[in-house]
Amino acid sequence: MDALASLLEGPRARGAFLMCSLLDPPWSLRIQDEAPLTVLSMIRGGAWIVTDEGAPRQLGAGDVAIFRGPAPYTVADDPATEPQIIIHPGQVTKTPQGEVLCETLSLGVRQWGTDPDGATLMVTGTYESAGAASRRLLRALPPVLVLRRGEFDSRVLDLLVDEVIKDEPAQSAVLDRLLDLVLIAALRAWFSRADAPGWYHAYGDPLVGKALRLLQHNPAHGWTVAGLAEAVGMSRAALARRFTDLVGEPPMAFLTEWRLALAADLLQESDATIEAIARQVGYGSAFALSTAFKRHFGISPRDHRLGVTATELSSAG
């Protein structure tokens, strides 16, 4: 598995929210759905992205924007247009006064807006939950990432646009996979740019890259810095220094995060016992995994498997 593939193991769409928006100016959407990851594809017309920090950014036809949640943002025909529609968690659409608009603005299968022939057409795909193994990807992303038309392979985007308004058998599965492909196409292009995270380029280092792959492919191994250094042909001190400089964290910190991310995914995607998962990702017992898991995520493996969040536990307390 290459570096980008390992990062993209987490965000696999499962019943993602997809919608075509058809709008005529003036329009302004305030997005505060708290989704971890959203892909917005500008198909026709243009838009402006306004965040709480930084200057507004313009989108043209063919551009794609990726938003890292949960921070809110606004998409509008003009930065000066006041929000007219607010998107809440669960994709509940309301006016600023609280009137629910979900049915009022419906224009057909996965289509909504103010005009079926609107000057603006954009397709939004929202990952409403993300696998824990994508946490490294989410941390790598800026709050807003824009890919311009021509920077990435847009053929899959054309297919998504064709499919999003269909209502065929297994259509949600088709759209999930297409959304994944649009995201991957955009991120492949971004990771090749100079503004990609510095640690990504560490995979290209002949020694640190080898160390990263050894850790990722063999998380159950009893790694130590000394053992890892021997495996790649470096001294312990040299590996620790070079790894930290290029990756941004020491080897054992990287390994701990990777093990826990894998455990989090396995807890939700398999029926294996916590004991079995602990051994699969490199912990000697369920107790050892539970201790590390709660310290890192704020919840126990059992609560994570049940879908309980740290915020919910805090509120309950």
# chains A, B, ... in the order shown; residues from 1 in each chain; ligands from 1

call {"tool": "closest_atom_pairs", "arguments": {"of": "region 142-177 of chain A", "to": "region 184-190 of chain A", "cutoff": "10 Å", "atoms": "only C-alpha atoms", "output": "tab-separated table"}}
result
residue	atom	partner	partner_atom	distance
A:Leu145	CA	A:Trp190	CA	8.5
A:Val146	CA	A:Trp190	CA	8.8
A:Leu147	CA	A:Ala186	CA	6.7
A:Arg148	CA	A:Ala186	CA	9.5
A:Gly150	CA	A:Ala189	CA	10.0
A:Glu151	CA	A:Ala189	CA	6.5
A:Phe152	CA	A:Ala189	CA	5.5
A:Asp153	CA	A:Ala185	CA	6.1
A:Ser154	CA	A:Ala185	CA	7.7
A:Arg155	CA	A:Ala185	CA	9.5
A:Val156	CA	A:Ala185	CA	8.2
A:Leu157	CA	A:Ala185	CA	9.2

call {"tool": "write_last_selection", "arguments": {"atoms": "N, CA and C atoms", "output": "PDB file, in the first residue's frame"}}
result
ATOM      1  N   LEU A 145      -9.515  23.355   0.706  1.00  0.00           N
ATOM      2  CA  LEU A 145      -8.564  23.038  -0.358  1.00  0.00           C
ATOM      3  C   LEU A 145      -9.269  23.197  -1.690  1.00  0.00           C
ATOM      4  N   VAL A 146      -8.710  23.982  -2.592  1.00  0.00           N
ATOM      5  CA  VAL A 146      -9.318  24.226  -3.900  1.00  0.00           C
ATOM      6  C   VAL A 146      -8.426  23.647  -4.994  1.00  0.00           C
ATOM      7  N   LEU A 147      -9.020  22.828  -5.856  1.00  0.00           N
ATOM      8  CA  LEU A 147      -8.355  22.300  -7.044  1.00  0.00           C
ATOM      9  C   LEU A 147      -9.013  22.935  -8.265  1.00  0.00           C
ATOM     10  N   ARG A 148      -8.190  23.546  -9.106  1.00  0.00           N
ATOM     11  CA  ARG A 148      -8.720  24.228 -10.283  1.00  0.00           C
ATOM     12  C   ARG A 148      -8.952  23.256 -11.435  1.00  0.00           C
ATOM     13  N   GLY A 150      -8.543  21.407 -14.622  1.00  0.00           N
ATOM     14  CA  GLY A 150      -7.310  21.109 -15.326  1.00  0.00           C
ATOM     15  C   GLY A 150      -6.201  20.620 -14.421  1.00  0.00           C
ATOM     16  N   GLU A 151      -6.338  20.828 -13.107  1.00  0.00           N
ATOM     17  CA  GLU A 151      -5.323  20.346 -12.170  1.00  0.00           C
ATOM     18  C   GLU A 151      -5.479  18.865 -11.856  1.00  0.00           C
ATOM     19  N   PHE A 152      -6.678  18.316 -12.081  1.00  0.00           N
ATOM     20  CA  PHE A 152      -6.945  16.930 -11.727  1.00  0.00           C
ATOM     21  C   PHE A 152      -7.767  16.272 -12.831  1.00  0.00           C
ATOM     22  N   ASP A 153      -7.822  14.958 -12.786  1.00  0.00           N
ATOM     23  CA  ASP A 153      -8.575  14.193 -13.773  1.00  0.00           C
ATOM     24  C   ASP A 153     -10.065  14.303 -13.454  1.00  0.00           C
ATOM     25  N   SER A 154     -10.801  15.043 -14.275  1.00  0.00           N
ATOM     26  CA  SER A 154     -12.200  15.343 -13.970  1.00  0.00           C
ATOM     27  C   SER A 154     -13.184  14.383 -14.632  1.00  0.00           C
ATOM     28  N   ARG A 155     -12.696  13.330 -15.265  1.00  0.00           N
ATOM     29  CA  ARG A 155     -13.614  12.423 -15.955  1.00  0.00           C
ATOM     30  C   ARG A 155     -14.611  11.775 -14.999  1.00  0.00           C
ATOM     31  N   VAL A 156     -14.147  11.412 -13.826  1.00  0.00           N
ATOM     32  CA  VAL A 156     -15.042  10.786 -12.858  1.00  0.00           C
ATOM     33  C   VAL A 156     -16.070  11.785 -12.339  1.00  0.00           C
ATOM     34  N   LEU A 157     -15.714  13.076 -12.331  1.00  0.00           N
ATOM     35  CA  LEU A 157     -16.664  14.107 -11.933  1.00  0.00           C
ATOM     36  C   LEU A 157     -17.827  14.168 -12.914  1.00  0.00           C
TER      37      LEU A 157
END

call {"tool": "select_by_dssp", "arguments": {"residues": "region 41-210 of chain A", "states": "strand (DSSP E or B)", "output": "PyMOL selection string"}}
result
chain A and resi 41-44+47-51+57-59+64-68+73-76+85-88+92-94+100+106-108+111-113+120-127+144-147

call {"tool": "closest_residue", "arguments": {"among": "A:Ala47, A:Val281, A:Ala240, A:Ile87", "to": "Ala253 (chain A)", "atoms": "only C-alpha atoms"}}
result
A:Ala240

call {"tool": "select_by_dssp", "arguments": {"residues": "region 252-298 of chain A", "states": "helix (DSSP H, G or I)", "output": "PyMOL selection string"}}
result
chain A and resi 252-269+274-280+286-297

call {"tool": "residues_around", "arguments": {"residues": "Ala211 (chain A)", "least_positions_apart": "5", "cutoff": "10 Å", "atoms": "only C-alpha atoms", "output": "ChimeraX atom specification"}}
result
/A:202-203,205-206,216,225,228-229,231-233,239,243,251

call {"tool": "atom_distance", "arguments": {"atom1": "CA of Leu289 (chain A)", "atom2": "CA of Arg213 (chain A)"}}
result
22.2 Å

call {"tool": "closest_residue", "arguments": {"among": "A:Thr74, A:Ser129, A:Ser235, A:Ser41", "to": "Leu160 (chain A)", "atoms": "only C-alpha atoms"}}
result
A:Ser41

call {"tool": "decode", "arguments": {"residues": "region 213-225 of chain A", "atoms": "all heavy atoms", "output": "mmCIF file, in the first residue's frame"}}
result
data_model
loop_
_atom_site.group_PDB
_atom_site.id
_atom_site.type_symbol
_atom_site.label_atom_id
_atom_site.label_comp_id
_atom_site.auth_asym_id
_atom_site.auth_seq_id
_atom_site.Cartn_x
_atom_site.Cartn_y
_atom_site.Cartn_z
ATOM 1 N N ARG A 213 6.752 2.440 5.966
ATOM 2 C CA ARG A 213 6.052 1.278 5.410
ATOM 3 C C ARG A 213 6.143 0.069 6.331
ATOM 4 O O ARG A 213 5.179 -0.697 6.467
ATOM 5 C CB ARG A 213 6.605 0.980 4.017
ATOM 6 C CG ARG A 213 6.245 2.053 2.997
ATOM 7 C CD ARG A 213 6.836 1.773 1.614
ATOM 8 N NE ARG A 213 6.431 2.800 0.675
ATOM 9 C CZ ARG A 213 7.100 3.939 0.477
ATOM 10 N NH1 ARG A 213 8.230 4.169 1.155
ATOM 11 N NH2 ARG A 213 6.659 4.834 -0.381
ATOM 12 N N LEU A 214 7.288 -0.118 6.971
ATOM 13 C CA LEU A 214 7.428 -1.224 7.914
ATOM 14 C C LEU A 214 6.434 -1.076 9.075
ATOM 15 O O LEU A 214 5.785 -2.051 9.484
ATOM 16 C CB LEU A 214 8.855 -1.278 8.458
ATOM 17 C CG LEU A 214 9.921 -1.839 7.507
ATOM 18 C CD1 LEU A 214 11.318 -1.610 8.088
ATOM 19 C CD2 LEU A 214 9.690 -3.328 7.259
ATOM 20 N N LEU A 215 6.299 0.120 9.593
ATOM 21 C CA LEU A 215 5.370 0.355 10.696
ATOM 22 C C LEU A 215 3.929 0.145 10.264
ATOM 23 O O LEU A 215 3.127 -0.479 10.978
ATOM 24 C CB LEU A 215 5.558 1.772 11.249
ATOM 25 C CG LEU A 215 6.905 2.091 11.896
ATOM 26 C CD1 LEU A 215 6.960 3.558 12.310
ATOM 27 C CD2 LEU A 215 7.165 1.187 13.095
ATOM 28 N N GLN A 216 3.579 0.660 9.090
ATOM 29 C CA GLN A 216 2.205 0.558 8.631
ATOM 30 C C GLN A 216 1.819 -0.867 8.257
ATOM 31 O O GLN A 216 0.699 -1.306 8.512
ATOM 32 C CB GLN A 216 1.979 1.478 7.433
ATOM 33 C CG GLN A 216 1.935 2.948 7.799
ATOM 34 C CD GLN A 216 1.498 3.802 6.633
ATOM 35 O OE1 GLN A 216 1.911 3.592 5.508
ATOM 36 N NE2 GLN A 216 0.651 4.770 6.902
ATOM 37 N N HIS A 217 2.722 -1.591 7.648
ATOM 38 C CA HIS A 217 2.393 -2.927 7.161
ATOM 39 C C HIS A 217 2.501 -3.994 8.246
ATOM 40 O O HIS A 217 1.949 -5.087 8.084
ATOM 41 C CB HIS A 217 3.308 -3.293 5.989
ATOM 42 C CG HIS A 217 3.101 -2.431 4.792
ATOM 43 N ND1 HIS A 217 3.916 -2.473 3.680
ATOM 44 C CD2 HIS A 217 2.170 -1.488 4.516
ATOM 45 C CE1 HIS A 217 3.491 -1.597 2.786
ATOM 46 N NE2 HIS A 217 2.441 -0.989 3.271
ATOM 47 N N ASN A 218 3.192 -3.684 9.338
ATOM 48 C CA ASN A 218 3.398 -4.670 10.401
ATOM 49 C C ASN A 218 3.141 -4.059 11.779
ATOM 50 O O ASN A 218 4.029 -4.051 12.640
ATOM 51 C CB ASN A 218 4.841 -5.214 10.342
ATOM 52 C CG ASN A 218 5.188 -5.816 8.995
ATOM 53 O OD1 ASN A 218 4.793 -6.928 8.689
ATOM 54 N ND2 ASN A 218 5.923 -5.059 8.194
ATOM 55 N N PRO A 219 1.941 -3.554 12.022
ATOM 56 C CA PRO A 219 1.687 -2.867 13.300
ATOM 57 C C PRO A 219 1.753 -3.797 14.503
ATOM 58 O O PRO A 219 2.007 -3.343 15.622
ATOM 59 C CB PRO A 219 0.279 -2.292 13.117
ATOM 60 C CG PRO A 219 -0.359 -3.184 12.095
ATOM 61 C CD PRO A 219 0.740 -3.550 11.157
ATOM 62 N N ALA A 220 1.521 -5.100 14.305
ATOM 63 C CA ALA A 220 1.530 -6.027 15.430
ATOM 64 C C ALA A 220 2.939 -6.383 15.888
ATOM 65 O O ALA A 220 3.122 -6.946 16.973
ATOM 66 C CB ALA A 220 0.773 -7.309 15.054
ATOM 67 N N HIS A 221 3.942 -6.055 15.095
ATOM 68 C CA HIS A 221 5.320 -6.364 15.469
ATOM 69 C C HIS A 221 5.732 -5.528 16.676
ATOM 70 O O HIS A 221 5.293 -4.388 16.849
ATOM 71 C CB HIS A 221 6.250 -6.069 14.285
ATOM 72 C CG HIS A 221 7.674 -6.440 14.528
ATOM 73 N ND1 HIS A 221 8.121 -7.731 14.519
ATOM 74 C CD2 HIS A 221 8.772 -5.665 14.811
ATOM 75 C CE1 HIS A 221 9.416 -7.755 14.771
ATOM 76 N NE2 HIS A 221 9.834 -6.513 14.949
ATOM 77 N N GLY A 222 6.574 -6.094 17.516
ATOM 78 C CA GLY A 222 7.027 -5.376 18.710
ATOM 79 C C GLY A 222 8.124 -4.380 18.393
ATOM 80 O O GLY A 222 9.279 -4.548 18.836
ATOM 81 N N TRP A 223 7.783 -3.336 17.668
ATOM 82 C CA TRP A 223 8.785 -2.387 17.211
ATOM 83 C C TRP A 223 9.385 -1.578 18.356
ATOM 84 O O TRP A 223 8.699 -1.173 19.298
ATOM 85 C CB TRP A 223 8.159 -1.420 16.205
ATOM 86 C CG TRP A 223 7.792 -2.025 14.889
ATOM 87 C CD1 TRP A 223 6.529 -2.256 14.416
ATOM 88 C CD2 TRP A 223 8.695 -2.482 13.873
ATOM 89 N NE1 TRP A 223 6.578 -2.839 13.169
ATOM 90 C CE2 TRP A 223 7.895 -2.981 12.809
ATOM 91 C CE3 TRP A 223 10.079 -2.525 13.762
ATOM 92 C CZ2 TRP A 223 8.437 -3.505 11.653
ATOM 93 C CZ3 TRP A 223 10.631 -3.051 12.597
ATOM 94 C CH2 TRP A 223 9.821 -3.536 11.565
ATOM 95 N N THR A 224 10.670 -1.319 18.230
ATOM 96 C CA THR A 224 11.378 -0.325 19.035
ATOM 97 C C THR A 224 12.130 0.558 18.047
ATOM 98 O O THR A 224 12.319 0.190 16.878
ATOM 99 C CB THR A 224 12.388 -0.967 20.004
ATOM 100 O OG1 THR A 224 13.393 -1.652 19.226
ATOM 101 C CG2 THR A 224 11.696 -1.951 20.940
ATOM 102 N N VAL A 225 12.554 1.705 18.506
ATOM 103 C CA VAL A 225 13.328 2.575 17.614
ATOM 104 C C VAL A 225 14.610 1.863 17.178
ATOM 105 O O VAL A 225 15.008 1.939 16.011
ATOM 106 C CB VAL A 225 13.649 3.917 18.298
ATOM 107 C CG1 VAL A 225 14.506 4.789 17.369
ATOM 108 C CG2 VAL A 225 12.364 4.663 18.654
#
